[in-house]
Amino acid sequence: MNTLQLNENQSALILEADEHGEISINVAAGDIDSLPAALCQVIANKLMEDTAFQEELMDMLETE
């Protein structure tokens, strides 16, 4: 298992696919109250809730 170590001024989106192809999104952060963590949370929410954005991303993947 890989370990992700983040500094206080860093955050990351973690995308995971299950055996059914469902994607889950998590936010990791050195400081959960930091600006990078807040930005990751906003991006994660957009990825989960904005169906038009999801469709745009899928379209982009299909053209690659």
# chains A, B, ... in the order shown; residues from 1 in each chain; ligands from 1
>>> residues_around(residues="A:Ser34", least_positions_apart="6", cutoff="12 Å", atoms="only C-alpha atoms", output="number ranges by chain")
A: 7-12, 28, 40-41
>>> write_last_selection(atoms="C-alpha atoms", output="PDB file, in the first residue's frame")
ATOM      1  CA  ASN A   7       2.651  19.120   3.908  1.00  0.00           C
ATOM      2  CA  GLU A   8       0.288  21.528   5.673  1.00  0.00           C
ATOM      3  CA  ASN A   9       0.032  23.636   2.493  1.00  0.00           C
ATOM      4  CA  GLN A  10      -0.856  20.661   0.248  1.00  0.00           C
ATOM      5  CA  SER A  11      -4.015  18.728  -0.515  1.00  0.00           C
ATOM      6  CA  ALA A  12      -5.025  16.050  -3.001  1.00  0.00           C
ATOM      7  CA  ALA A  28      -6.578  14.341   1.686  1.00  0.00           C
ATOM      8  CA  CYS A  40     -10.108  20.267  -3.329  1.00  0.00           C
ATOM      9  CA  GLN A  41     -13.416  19.957  -1.481  1.00  0.00           C
TER      10      GLN A  41
END
>>> atom_distance(atom1="atom CA of A:Asp50", atom2="atom CA of A:Ile25")
13.6 Å
>>> residues_around(residues="A:Leu47", least_positions_apart="5", cutoff="12 Å", atoms="only C-alpha atoms", output="list in words")
Leu13, Ile14, Leu15, Ile23, Ser24, Ile25, Asn26, Cys40, Gln41, Val42, Ala52, Phe53, Gln54, Glu55, Glu56, Leu57 and Met58 of chain A
>>> write_last_selection(atoms="C-alpha atoms", output="compact mmCIF listing (two decimals), in the first residue's frame")
# COMPACT_ATOMS: atom_id res chain seq x y z
CA LEU A 13 -8.09 14.53 -4.61
CA ILE A 14 -8.09 10.76 -4.41
CA LEU A 15 -10.22 8.98 -7.01
CA ILE A 23 -15.88 6.22 -8.74
CA SER A 24 -15.49 7.57 -5.22
CA ILE A 25 -13.75 10.85 -4.44
CA ASN A 26 -11.89 11.71 -1.26
CA CYS A 40 -10.11 20.27 -3.33
CA GLN A 41 -13.42 19.96 -1.48
CA VAL A 42 -15.11 22.35 -3.93
CA ALA A 52 -23.22 18.34 -16.94
CA PHE A 53 -19.60 18.50 -15.79
CA GLN A 54 -19.53 14.69 -15.41
CA GLU A 55 -20.81 14.31 -18.97
CA GLU A 56 -18.21 16.79 -20.24
CA LEU A 57 -15.45 14.79 -18.57
CA MET A 58 -16.73 11.51 -20.02
>>> select_by_dssp(residues="chain A", states="helix (DSSP H, G or I)", output="ChimeraX atom specification")
/A:35-49,51-63
>>> closest_residue(among="A:Ala17, A:Leu6, A:Asp59, A:Lys46", to="A:Ala29", atoms="only C-alpha atoms")
A:Leu6
>>> closest_residue(among="A:Val27, A:Glu62, A:His20, A:Asn2", to="A:Ala44", atoms="only C-alpha atoms")
A:Val27
>>> atom_distance(atom1="atom CA of A:Asp18", atom2="atom CA of A:Ala37")
24.3 Å
>>> atom_distance(atom1="atom CA of A:Met48", atom2="atom CA of A:Glu22")
11.4 Å
>>> select_by_dssp(residues="chain A", states="strand (DSSP E)", output="ChimeraX atom specification")
/A:11-17,23-29
